[in-house]
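So this one's entry-v4.cif, mmCIF, C-alpha atoms:
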data_query
loop_
_atom_site.label_atom_id
_atom_site.label_comp_id
_atom_site.auth_asym_id
_atom_site.auth_seq_id
_atom_site.Cartn_x
_atom_site.Cartn_y
_atom_site.Cartn_z
CA MET R 23 11.43 -63.42 -3.54
CA VAL R 24 14.66 -64.67 -1.95
CA GLY R 25 15.55 -68.23 -2.95
CA ARG R 26 13.47 -68.19 -6.19
CA PRO R 27 15.79 -67.21 -9.09
CA ILE R 28 14.29 -65.35 -12.02
CA LYS R 29 15.77 -65.29 -15.52
CA VAL R 30 15.52 -61.86 -17.10
CA ARG R 31 16.20 -60.88 -20.70
CA LEU R 32 16.44 -57.10 -21.23
CA VAL R 33 15.35 -55.98 -24.68
CA LEU R 34 15.93 -52.45 -25.97
CA THR R 35 13.37 -51.38 -28.50
CA SER R 36 12.25 -48.23 -30.28
CA VAL R 37 8.66 -49.41 -30.33
CA PRO R 38 6.47 -48.44 -27.36
CA ALA R 39 6.18 -51.42 -25.02
CA VAL R 40 2.88 -52.68 -23.69
CA PRO R 41 2.34 -50.67 -20.47
CA VAL R 42 2.83 -53.21 -17.65
CA SER R 43 3.66 -52.00 -14.15
CA VAL R 44 6.90 -53.25 -12.59
CA ARG R 45 4.91 -54.63 -9.68
CA THR R 46 2.70 -56.68 -12.04
CA TRP R 47 5.80 -58.00 -13.85
CA LEU R 48 7.51 -59.00 -10.61
CA VAL R 49 4.41 -60.79 -9.34
CA ALA R 50 4.18 -62.77 -12.59
CA ALA R 51 7.86 -63.65 -12.45
CA HIS R 52 7.71 -64.69 -8.83
CA SER R 53 4.72 -66.95 -9.43
CA GLN R 54 6.40 -68.85 -12.28
CA PRO R 55 10.06 -69.58 -11.33
CA GLY R 56 12.29 -71.03 -13.99
CA ARG R 57 10.65 -69.16 -16.89
CA CYS R 58 12.45 -66.42 -18.78
CA PHE R 59 10.65 -63.10 -18.70
CA THR R 60 11.35 -60.28 -21.14
CA LEU R 61 11.35 -56.73 -19.82
CA ALA R 62 11.11 -54.34 -22.75
CA TYR R 63 12.52 -50.85 -22.32
CA CYS R 64 11.31 -48.13 -24.65
CA LEU R 65 13.97 -45.80 -26.08
CA ILE R 66 11.59 -43.13 -27.34
CA SER R 67 12.89 -39.67 -26.46
CA PRO R 68 10.63 -37.62 -24.13
CA PRO R 69 9.64 -34.96 -26.73
CA LEU R 70 8.06 -37.64 -28.93
CA CYS R 71 5.97 -39.16 -26.13
CA PRO R 72 2.37 -37.92 -26.18
CA PRO R 73 1.12 -36.29 -22.95
CA PRO R 74 -1.04 -38.47 -20.68
CA THR R 75 -4.24 -36.67 -21.67
CA THR R 76 -3.85 -37.62 -25.35
CA ARG R 77 -2.16 -41.04 -25.15
CA LEU R 78 -4.14 -43.68 -27.01
CA LEU R 79 -5.77 -46.18 -24.67
CA PRO R 80 -6.31 -49.85 -25.51
CA PRO R 81 -9.82 -50.81 -26.59
CA ARG R 82 -12.18 -51.40 -23.69
CA ARG R 83 -15.69 -52.68 -23.13
CA LEU R 84 -18.61 -50.31 -23.03
CA ARG R 85 -19.82 -49.66 -19.50
CA VAL R 86 -23.29 -48.56 -18.39
CA LEU R 87 -24.66 -47.75 -14.95
CA LEU R 88 -28.29 -48.72 -14.34
CA ILE R 89 -30.11 -47.03 -11.45
CA ALA R 90 -33.51 -47.90 -9.98
CA GLY R 91 -34.73 -44.68 -8.42
CA SER R 92 -37.86 -45.77 -6.55
CA ASN R 93 -37.80 -45.37 -2.77
CA ARG R 94 -39.49 -48.74 -2.27
CA ARG R 95 -37.74 -51.89 -1.04
CA GLU R 96 -39.19 -54.94 0.63
CA TYR R 97 -36.68 -54.47 3.46
CA ASN R 98 -38.46 -51.38 4.76
CA CYS R 99 -42.03 -50.38 5.56
CA PRO R 100 -43.32 -50.69 1.94
CA GLY R 101 -42.68 -54.42 2.36
CA VAL R 102 -42.61 -54.95 -1.43
CA ASP R 103 -39.94 -54.29 -4.04
CA SER R 104 -40.56 -51.61 -6.66
CA LYS R 105 -41.43 -51.77 -10.33
CA ALA R 106 -38.20 -49.86 -10.98
CA ARG R 107 -36.18 -52.76 -9.57
CA THR R 108 -37.97 -55.23 -11.84
CA LEU R 109 -37.38 -53.00 -14.87
CA LEU R 110 -33.72 -52.54 -13.94
CA ASN R 111 -33.20 -56.31 -13.88
CA ARG R 112 -34.99 -56.69 -17.21
CA LEU R 113 -32.82 -53.98 -18.76
CA ALA R 114 -29.63 -55.61 -17.46
CA ASP R 115 -30.67 -58.93 -19.00
CA ARG R 116 -31.33 -57.38 -22.41
CA LEU R 117 -28.19 -55.32 -22.85
CA PRO R 118 -25.23 -56.92 -24.69
CA ALA R 119 -23.22 -59.47 -22.74
CA THR R 120 -20.07 -57.79 -24.07
CA TRP R 121 -20.85 -54.66 -22.02
CA ASP R 122 -19.93 -54.07 -18.39
CA ILE R 123 -23.27 -53.64 -16.62
CA ASP R 124 -23.22 -51.88 -13.24
CA THR R 125 -26.52 -51.77 -11.31
CA GLU R 126 -27.75 -49.98 -8.21
CA ASP R 127 -31.14 -49.94 -6.50
CA LEU R 128 -31.46 -46.75 -4.43
CA GLY R 129 -34.57 -47.93 -2.57
CA ASN R 130 -34.70 -47.25 1.15
CA VAL R 131 -33.37 -50.20 3.15
CA TYR R 132 -33.96 -50.05 6.89
CA GLY R 133 -30.88 -48.82 8.70
CA ARG R 134 -28.94 -47.99 5.54
CA PRO R 135 -27.71 -44.38 5.15
CA LYS R 136 -29.59 -42.11 2.75
CA ILE R 137 -28.19 -39.72 0.17
CA GLN R 138 -27.47 -36.53 2.07
CA ALA R 139 -28.89 -33.25 0.82
CA CYS R 140 -26.89 -30.80 -1.26
CA ASN R 141 -25.72 -27.85 0.87
CA ALA R 142 -25.93 -25.42 -2.07
CA CYS R 143 -22.24 -24.42 -1.92
CA VAL R 144 -22.52 -23.12 -5.49
CA SER R 145 -24.68 -20.25 -4.28
CA THR R 146 -21.80 -19.05 -2.09
CA GLY R 147 -19.28 -19.47 -4.89
CA MET R 148 -18.83 -21.98 -7.68
CA ALA R 149 -15.32 -22.71 -6.44
CA LEU R 150 -16.71 -23.82 -3.06
CA CYS R 151 -18.51 -26.71 -4.80
CA VAL R 152 -15.80 -29.38 -5.03
CA TRP R 153 -15.67 -32.20 -7.59
CA PRO R 154 -16.32 -34.82 -6.40
CA CYS R 155 -18.42 -33.47 -3.54
CA ASN R 156 -16.46 -32.92 -0.33
CA CYS R 157 -19.39 -31.86 1.85
CA TYR R 158 -19.55 -35.49 2.99
CA GLU R 159 -17.16 -38.42 3.15
CA LYS R 160 -17.25 -42.18 2.79
CA ASP R 161 -18.01 -44.20 5.92
CA SER R 162 -18.69 -41.12 8.01
CA HIS R 163 -20.34 -41.75 11.37
CA ARG R 164 -21.43 -38.14 11.95
CA GLU R 165 -23.07 -37.63 8.54
CA PRO R 166 -23.35 -41.01 6.79
CA ASP R 167 -23.93 -40.55 3.07
CA LEU R 168 -25.12 -43.25 0.66
CA MET R 169 -23.70 -41.35 -2.31
CA TRP R 170 -20.17 -41.81 -1.03
CA ASN R 171 -20.70 -45.20 0.62
CA LEU R 172 -21.79 -46.64 -2.75
CA ASP R 173 -18.94 -44.89 -4.63
CA LEU R 174 -21.51 -43.36 -6.96
CA TYR R 175 -19.28 -40.51 -8.11
CA SER R 176 -16.65 -42.98 -9.27
CA ARG R 177 -19.21 -45.29 -10.88
CA LEU R 178 -20.89 -42.42 -12.75
CA ASP R 179 -17.45 -41.33 -13.93
CA GLN R 180 -16.49 -44.81 -15.16
CA ALA R 181 -19.72 -45.33 -17.11
CA ASP R 182 -20.20 -44.36 -20.75
CA ALA R 183 -23.95 -44.15 -20.19
CA TRP R 184 -26.44 -43.93 -17.33
CA CYS R 185 -29.91 -45.48 -17.40
CA ILE R 186 -32.30 -44.05 -14.82
CA ILE R 187 -35.61 -45.76 -14.05
CA GLY R 188 -38.13 -44.41 -11.58
CA PRO R 189 -41.76 -43.51 -10.88
CA VAL R 190 -43.35 -40.08 -11.01
CA ASN R 191 -44.08 -38.91 -7.47
CA TRP R 192 -46.28 -35.82 -7.14
CA TYR R 193 -45.49 -34.43 -10.59
CA GLY R 194 -41.75 -34.94 -10.20
CA PRO R 195 -38.95 -37.46 -9.77
CA THR R 196 -38.56 -39.39 -6.53
CA SER R 197 -36.92 -37.65 -3.60
CA THR R 198 -33.99 -40.09 -3.84
CA LEU R 199 -33.30 -39.27 -7.49
CA LYS R 200 -33.66 -35.54 -6.80
CA LEU R 201 -31.09 -35.85 -4.00
CA LEU R 202 -28.78 -37.80 -6.31
CA PHE R 203 -28.88 -35.17 -9.04
CA ASP R 204 -28.70 -32.25 -6.61
CA ARG R 205 -25.46 -33.77 -5.36
CA LEU R 206 -24.24 -33.95 -8.96
CA VAL R 207 -24.15 -30.18 -9.28
CA CYS R 208 -20.38 -30.52 -8.80
CA MET R 209 -20.06 -32.29 -12.17
CA ASN R 210 -21.09 -29.00 -13.82
CA GLY R 211 -18.03 -26.82 -13.25
CA GLY R 212 -17.10 -27.92 -9.72
CA ASN R 213 -13.71 -27.21 -8.20
CA PRO R 214 -11.38 -30.21 -8.80
CA ASP R 215 -8.76 -29.13 -6.23
CA GLU R 216 -10.04 -28.45 -2.72
CA ARG R 217 -6.54 -27.49 -1.58
CA LEU R 218 -6.99 -24.17 -3.36
CA ILE R 219 -9.76 -23.28 -0.90
CA ASP R 220 -8.28 -24.92 2.19
CA HIS R 221 -10.90 -27.68 1.96
CA LYS R 222 -14.01 -25.52 2.44
CA ASN R 223 -13.12 -21.87 3.11
CA PRO R 224 -15.91 -19.66 1.69
CA GLU R 225 -13.82 -16.49 1.44
CA MET R 226 -11.01 -18.29 -0.40
CA ALA R 227 -13.53 -19.85 -2.78
CA MET R 228 -15.16 -16.52 -3.55
CA THR R 229 -11.75 -15.07 -4.32
CA LEU R 230 -10.69 -18.02 -6.49
CA GLU R 231 -13.79 -17.65 -8.64
CA HIS R 232 -12.48 -14.28 -9.89
CA THR R 233 -9.03 -15.53 -10.95
CA PRO R 234 -7.86 -16.55 -14.45
CA GLU R 235 -6.88 -19.92 -12.98
CA TRP R 236 -10.51 -20.69 -12.23
CA GLU R 237 -11.48 -20.70 -15.91
CA LYS R 238 -9.09 -23.64 -16.46
CA LEU R 239 -10.41 -25.56 -13.47
CA SER R 240 -14.15 -25.16 -13.94
CA LEU R 241 -15.12 -27.85 -16.45
CA ASN R 242 -18.02 -30.17 -17.14
CA HIS R 243 -16.33 -33.17 -15.57
CA LEU R 244 -18.67 -35.83 -17.01
CA GLU R 245 -19.31 -34.28 -20.40
CA GLY R 246 -19.77 -36.56 -23.39
CA ARG R 247 -21.67 -39.35 -21.68
CA THR R 248 -25.21 -40.45 -22.51
CA ALA R 249 -28.13 -40.57 -20.09
CA ALA R 250 -31.45 -42.35 -20.58
CA PHE R 251 -34.58 -41.85 -18.47
CA PHE R 252 -37.62 -44.11 -18.20
CA CYS R 253 -40.24 -42.78 -15.82
CA TYR R 254 -43.60 -44.39 -15.21
CA GLY R 255 -46.92 -43.71 -13.52
CA ASP R 256 -49.32 -45.89 -11.56
CA GLY R 257 -52.74 -44.98 -12.91
CA GLY R 258 -54.67 -45.94 -9.81
CA ASP R 259 -58.39 -45.54 -9.25
CA GLU R 260 -58.38 -42.24 -7.33
CA LEU R 261 -59.90 -39.95 -9.96
CA ASP R 262 -63.52 -39.36 -10.88
CA ALA R 263 -64.87 -38.99 -14.41
CA ALA R 264 -63.90 -35.29 -14.44
CA GLY R 265 -60.31 -36.04 -13.49
CA ARG R 266 -60.56 -34.85 -9.88
CA PRO R 267 -59.65 -36.89 -6.79
CA LYS R 268 -62.76 -38.74 -5.65
CA ILE R 269 -62.26 -37.91 -1.98
CA LEU R 270 -61.72 -34.19 -2.58
CA ARG R 271 -64.41 -32.09 -0.86
CA HIS R 272 -63.35 -28.67 -2.19
CA LYS R 273 -63.69 -29.44 -5.89
CA ALA R 274 -62.85 -25.88 -6.94
CA TYR R 275 -59.37 -26.21 -5.47
CA PHE R 276 -58.35 -28.69 -8.15
CA ASP R 277 -58.84 -27.86 -11.83
CA PRO R 278 -57.76 -30.82 -14.01
CA ALA R 279 -57.32 -28.46 -16.95
CA GLN R 280 -54.50 -26.71 -15.11
CA GLU R 281 -52.52 -29.79 -14.15
CA PRO R 282 -48.90 -29.53 -15.29
CA PHE R 283 -47.38 -31.48 -18.16
CA GLU R 284 -49.20 -32.40 -21.31
CA ASN R 285 -46.54 -35.10 -21.58
CA MET R 286 -45.88 -36.67 -18.19
CA ARG R 287 -42.27 -37.43 -19.09
CA ASP R 288 -41.69 -33.74 -18.33
CA ALA R 289 -41.94 -34.66 -14.65
CA TYR R 290 -38.30 -35.72 -15.07
CA ALA R 291 -37.35 -32.60 -17.03
CA PRO R 292 -35.24 -31.16 -14.16
CA LEU R 293 -32.96 -34.20 -14.27
CA VAL R 294 -32.84 -34.34 -18.07
CA TRP R 295 -31.99 -30.67 -18.45
CA GLN R 296 -29.40 -30.80 -15.68
CA CYS R 297 -27.65 -33.50 -17.71
CA ARG R 298 -27.86 -31.50 -20.91
CA TYR R 299 -26.63 -28.37 -19.10
CA GLY R 300 -23.50 -30.30 -18.09
CA GLY R 301 -22.80 -31.83 -21.49
CA VAL R 302 -24.37 -35.23 -20.80
CA GLU R 303 -26.39 -36.14 -23.89
CA VAL R 304 -30.03 -37.18 -23.43
CA PRO R 305 -31.38 -38.11 -26.88
CA ASP R 306 -35.10 -37.49 -27.17
CA GLN R 307 -35.89 -41.16 -27.81
CA LEU R 308 -34.15 -42.12 -24.56
CA TRP R 309 -36.50 -39.96 -22.47
CA GLN R 310 -39.71 -41.95 -22.05
CA TYR R 311 -42.83 -42.08 -19.88
CA ALA R 312 -45.30 -44.96 -19.66
CA GLU R 313 -48.33 -45.67 -17.47
CA THR R 314 -49.54 -48.94 -16.08
CA GLY R 315 -52.33 -50.03 -13.77
CA TYR R 316 -54.85 -47.38 -14.79
CA GLY R 317 -58.14 -47.88 -12.97
CA LYS R 318 -56.66 -50.48 -10.62
CA LYS R 319 -56.24 -50.20 -6.90
CA TYR R 320 -52.62 -49.80 -5.90
CA ALA R 321 -52.76 -53.14 -4.08
CA ASP R 322 -53.51 -54.78 -7.43
CA ASP R 323 -50.76 -52.99 -9.34
CA GLN R 324 -47.42 -54.44 -8.24
CA ALA R 325 -44.37 -55.48 -10.26
CA GLU R 326 -45.85 -58.92 -10.94
CA ASP R 327 -48.92 -57.19 -12.41
CA MET R 328 -46.87 -54.70 -14.43
CA VAL R 329 -45.04 -57.44 -16.34
CA GLN R 330 -48.42 -58.67 -17.61
CA ASP R 331 -49.12 -55.24 -19.18
CA ASP R 332 -47.96 -55.99 -22.73
CA PRO R 333 -48.12 -52.42 -24.16
CA PHE R 334 -46.19 -51.07 -21.17
CA MET R 335 -43.49 -53.72 -21.40
CA ALA R 336 -43.23 -53.33 -25.17
CA GLN R 337 -42.53 -49.61 -24.74
CA PHE R 338 -39.87 -50.39 -22.14
CA ASP R 339 -38.20 -52.94 -24.41
CA GLN R 340 -38.18 -50.43 -27.25
CA TRP R 341 -36.47 -47.95 -24.92
CA THR R 342 -33.89 -50.65 -24.17
CA ALA R 343 -33.24 -51.18 -27.88
CA SER R 344 -32.80 -47.44 -28.35
CA ILE R 345 -30.24 -47.35 -25.54
CA ARG R 346 -28.22 -50.09 -27.17
CA LYS R 347 -28.24 -48.35 -30.51
CA ALA R 348 -27.26 -44.93 -29.11
CA VAL R 349 -24.49 -46.20 -26.84
CA GLU R 350 -22.93 -48.45 -29.48
CA ALA R 351 -23.02 -45.62 -32.01
CA LYS R 352 -21.13 -43.28 -29.67
CA GLY R 353 -18.68 -45.85 -28.35
CA PRO R 354 -16.45 -45.44 -25.28
CA VAL R 355 -16.35 -41.92 -23.85
CA PRO R 356 -12.89 -40.47 -23.10
CA PRO R 357 -12.41 -39.67 -19.40
CA GLY R 358 -12.37 -36.09 -18.22
CA ARG R 359 -9.27 -34.25 -17.04
CA TYR R 360 -10.26 -34.47 -13.37
CA ARG R 361 -11.69 -37.84 -12.40
CA ALA R 362 -13.82 -39.10 -9.55
CA TYR R 363 -12.56 -42.60 -10.34
CA GLY R 364 -9.43 -43.15 -8.29
CA HIS R 365 -9.91 -39.88 -6.41
CA GLU R 366 -8.36 -39.70 -2.97
CA ALA R 367 -9.35 -36.68 -0.93
CA PRO R 368 -6.48 -34.85 0.78
CA GLY R 369 -6.40 -34.67 4.55
CA HIS R 370 -8.12 -31.68 6.08
CA ARG R 371 -7.86 -31.88 9.87
CA TRP R 372 -6.08 -28.54 10.24
CA ALA R 373 -8.49 -26.98 7.73
CA ASP R 374 -11.37 -28.28 9.86
CA VAL R 375 -9.86 -26.64 12.94
CA LYS R 376 -9.69 -23.30 11.14
CA LEU R 377 -13.23 -23.66 9.81
CA GLY R 378 -14.39 -24.53 13.33
CA TRP R 379 -12.82 -21.31 14.59
CA ARG R 380 -14.59 -19.38 11.81
CA THR R 381 -17.91 -20.96 12.89
CA ALA R 382 -17.27 -19.97 16.49
CA GLN R 383 -16.55 -16.38 15.43
CA LEU R 384 -19.78 -16.27 13.44
CA ALA R 385 -21.73 -17.55 16.43
CA LEU R 386 -20.18 -14.80 18.57
CA GLY R 387 -21.13 -12.18 16.01
CA VAL R 388 -17.56 -11.56 14.81
CA PRO R 389 -17.51 -12.60 11.14
CA PRO R 390 -14.35 -12.40 9.00
CA ALA R 391 -13.54 -8.87 7.89
CA GLY R 392 -14.83 -8.06 4.44
CA SER R 393 -16.89 -11.24 4.25
CA SER R 394 -20.48 -11.72 3.15
CA PRO R 395 -21.53 -12.64 6.74
CA GLU R 396 -20.07 -9.31 7.92
CA ALA R 397 -22.05 -7.41 5.29
CA GLN R 398 -25.22 -9.27 6.25
CA GLN R 399 -24.62 -8.54 9.93
CA GLN R 400 -24.21 -4.86 9.21
CA GLN R 401 -27.29 -4.69 6.99
CA GLY R 402 -29.37 -7.04 9.13
CA PRO R 403 -31.18 -9.14 6.48
CA ASN R 404 -30.76 -12.53 8.21
CA LEU R 405 -30.62 -11.82 11.98
CA ASP R 406 -28.31 -14.80 12.52
CA THR R 407 -26.17 -14.15 15.60
CA PRO R 408 -27.42 -16.77 18.10
CA LEU R 409 -24.81 -16.19 20.82
CA ARG R 410 -24.86 -12.38 20.72
CA PRO R 411 -28.38 -11.22 21.63
CA ASP R 412 -26.96 -7.77 22.30
CA LEU R 413 -26.36 -7.16 18.60
CA PRO R 414 -29.03 -5.20 16.72
CA LYS R 415 -31.75 -7.32 15.10
CA ALA R 416 -32.90 -4.80 12.53
#
Rewrite the coordinates I just gave you, this time as C-alpha cells.
Amino acid sequence: MVGRPIKVRLVLTSVPAVPVSVRTWLVAAHSQPGRCFTLAYCLISPPLCPPPTTRLLPPRRLRVLLIAGSNRREYNCPGVDSKARTLLNRLADRLPATWDIDTEDLGNVYGRPKIQACNACVSTGMALCVWPCNCYEKDSHREPDLMWNLDLYSRLDQADAWCIIGPVNWYGPTSTLKLLFDRLVCMNGGNPDERLIDHKNPEMAMTLEHTPEWEKLSLNHLEGRTAAFFCYGDGGDELDAAGRPKILRHKAYFDPAQEPFENMRDAYAPLVWQCRYGGVEVPDQLWQYAETGYGKKYADDQAEDMVQDDPFMAQFDQWTASIRKAVEAKGPVPPGRYRAYGHEAPGHRWADVKLGWRTAQLALGVPPAGSSPEAQQQQGPNLDTPLRPDLPKA
C-alpha cells in the first residue's frame, strides 16, 4: 500500500466493537484512498469477555443441505436422470428464498469417484474413528473419495437441516446413501484430534478409549440438527395377483405375507435411527414414503411421468411444507465444539511411515507386543499371516 495514504482515527470504547479482521479493514482502506476509517479498540478486560464457545453470534440465514440419493444419472449407463433429482429441484424451488439452499446429487457419473466404504475403525476402538473421517483424504489419487472431494463433512456441519431423497432399493436405501451414512459414524462420538493416536495407530486408540480425557472428546458432533427423509418406490408391473414375482418358478420360496415392512418408509429406518442415535432430530412427519408408477412398466415410469402423479406430488409438497415449519421453528443450530467446517488435517507422513512398518511386521507374523493381532495370532482365530507360512494355522 505504499504511495496511497490512509487517514486513521483511533477510537477507544468500552462497548464491544463489531468483529472485523485487520486484514479486511486494511483491504477496505486500501481500496478507498482519501477516506477516513475508524478503527475501534475494545477496552473490555479479559475476565469479562465470554469464552469463544458462548460468545453471541450475529443473526444468520437458515441453511439446509438437500441430497438426491439415487444412483442414477444420465451421464452413466442408466442414461436418464433420477426421480430423486427432479424432487430435489422441486424442493429447492419451494423452500424460502431467505434460506441458504445447498444441493448435491450423488448419482453415479462416469469417471467420477464414488463414496469409499467405511473401514469400521469403531470396532477396533471408538478413538480410532476420527471426526471428520481420516481414513481417506480430499483429492487422493490412490483412494479417491467423493465424500471428501465434495466437502460433504463440512457441508453437513454447516447445515441446520438435511433433506434426503431417494428410492427404496431391495428393501433398503440406495448403496450410495448407505455408504454416506456409514461414513458418518464418526459424527457419533468420533475422535476430534487424530494427533492423540498418531494419525491412525490402533494400539494408541485402544488405550485412549480408557482414559478420562476420552469422555471429554467423544461427543455427538452434529447434534441438534434436523434431518428429513423422503423415500419412494416404483410400483412396476412385476408382481402377480398374489403378490409374487411373475417370473418366479419356485413360488414357495417367496411368501408375500412374510415380506418386511408394513410401512415401506421403514426401509430407511437404519438411516433415520442412526441420526436419532447421534442427536440429529428426525420428526415423524419428516419421514415419508410414497409410491408411484404402480402397474406400469419401468420404461413408462420416469421423472416426467412421476410429476403427472398428482397424489404422489401432493404428498411430496406436504413433506416440503412440514420441513419449512420444523426448521423455522427450531431456528439456527449452534455449531459443535469440534467442527468439520474449516477443518485442516495435520500432516501425517512420519505417522504413515510408522504405520507402514507396523503393517510389514504383521505380514511377517510379528505383531506389536500385547496387541490384539498378537492375541489372535496366538489363539489362531483368523489365520492371517500371509508371509509366514511356517506359523501354525490352528
Handout entry: d(CA of Val152 (chain R), CA of Ser92 (chain R)) in Å
Key =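 Computing it gives 27.5 Å between the two atoms.
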Practice task
Just say which residues the PyMOL selection byres ((chain R and resi 310-318) around 9) picks in this file, as a ChimeraX atom specification.
Solution key: /R:250-261,285-288,306-309,319-324,327-328,331,333-334,337-338,341
Using all atoms listed in the file, tabulate the residues of region 151-207 of chain R lying at most 12 Å from any atom of region 353-360 of chain R, each with its closest atom pair and that distance in Å to one decimal, by chain and increasing residue number, as CSV.
residue,atom,partner,partner_atom,distance
R:Val152,CA,R:Tyr360,CA,11.2
R:Trp153,CA,R:Tyr360,CA,8.2
R:Pro154,CA,R:Tyr360,CA,9.2
R:Ser176,CA,R:Tyr360,CA,11.4
R:Leu178,CA,R:Pro357,CA,11.1
R:Asp179,CA,R:Pro357,CA,7.6
R:Gln180,CA,R:Pro357,CA,7.8
R:Ala181,CA,R:Val355,CA,8.3
R:Asp182,CA,R:Val355,CA,5.5
R:Ala183,CA,R:Val355,CA,8.7
Residues of region 331-375 of chain R that approach region 105-123 of chain R to 9 Å or less, counting only C-alpha atoms: could you list each one with the shortest pair of atoms and its distance in Å to one decimal, rows by chain and increasing residue number, as JSON lines?
{"residue": "R:Met335", "atom": "CA", "partner": "R:Leu109", "partner_atom": "CA", "distance": 9.0}
{"residue": "R:Phe338", "atom": "CA", "partner": "R:Leu109", "partner_atom": "CA", "distance": 8.1}
{"residue": "R:Asp339", "atom": "CA", "partner": "R:Leu113", "partner_atom": "CA", "distance": 7.9}
{"residue": "R:Thr342", "atom": "CA", "partner": "R:Leu113", "partner_atom": "CA", "distance": 6.4}
{"residue": "R:Ala343", "atom": "CA", "partner": "R:Leu117", "partner_atom": "CA", "distance": 8.2}
{"residue": "R:Ile345", "atom": "CA", "partner": "R:Leu117", "partner_atom": "CA", "distance": 8.7}
{"residue": "R:Arg346", "atom": "CA", "partner": "R:Leu117", "partner_atom": "CA", "distance": 6.8}
Handout entry: Pick from R:Gly300, R:Leu172, R:Pro214, R:Gln383 nearest to Glu235 (chain R), counting only C-alpha atoms
Key =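 Selected residue with least distance to Glu235 (chain R): R:Pro214.
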Picked residues, the PyMOL selection byres ((chain R and resi 294) around 9), as a PDB file with C-alpha atoms, in the frame of the given file:
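To be explicit, this is the file written out as expr_37.pdb:
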ATOM      1  CA  ALA R 249     -28.130 -40.570 -20.090  1.00  0.00           C
ATOM      2  CA  ALA R 250     -31.450 -42.350 -20.580  1.00  0.00           C
ATOM      3  CA  PHE R 251     -34.580 -41.850 -18.470  1.00  0.00           C
ATOM      4  CA  ASP R 288     -41.690 -33.740 -18.330  1.00  0.00           C
ATOM      5  CA  TYR R 290     -38.300 -35.720 -15.070  1.00  0.00           C
ATOM      6  CA  ALA R 291     -37.350 -32.600 -17.030  1.00  0.00           C
ATOM      7  CA  PRO R 292     -35.240 -31.160 -14.160  1.00  0.00           C
ATOM      8  CA  LEU R 293     -32.960 -34.200 -14.270  1.00  0.00           C
ATOM      9  CA  TRP R 295     -31.990 -30.670 -18.450  1.00  0.00           C
ATOM     10  CA  GLN R 296     -29.400 -30.800 -15.680  1.00  0.00           C
ATOM     11  CA  CYS R 297     -27.650 -33.500 -17.710  1.00  0.00           C
ATOM     12  CA  ARG R 298     -27.860 -31.500 -20.910  1.00  0.00           C
ATOM     13  CA  TYR R 299     -26.630 -28.370 -19.100  1.00  0.00           C
ATOM     14  CA  VAL R 302     -24.370 -35.230 -20.800  1.00  0.00           C
ATOM     15  CA  GLU R 303     -26.390 -36.140 -23.890  1.00  0.00           C
ATOM     16  CA  VAL R 304     -30.030 -37.180 -23.430  1.00  0.00           C
ATOM     17  CA  TRP R 309     -36.500 -39.960 -22.470  1.00  0.00           C
TER      18      TRP R 309
END
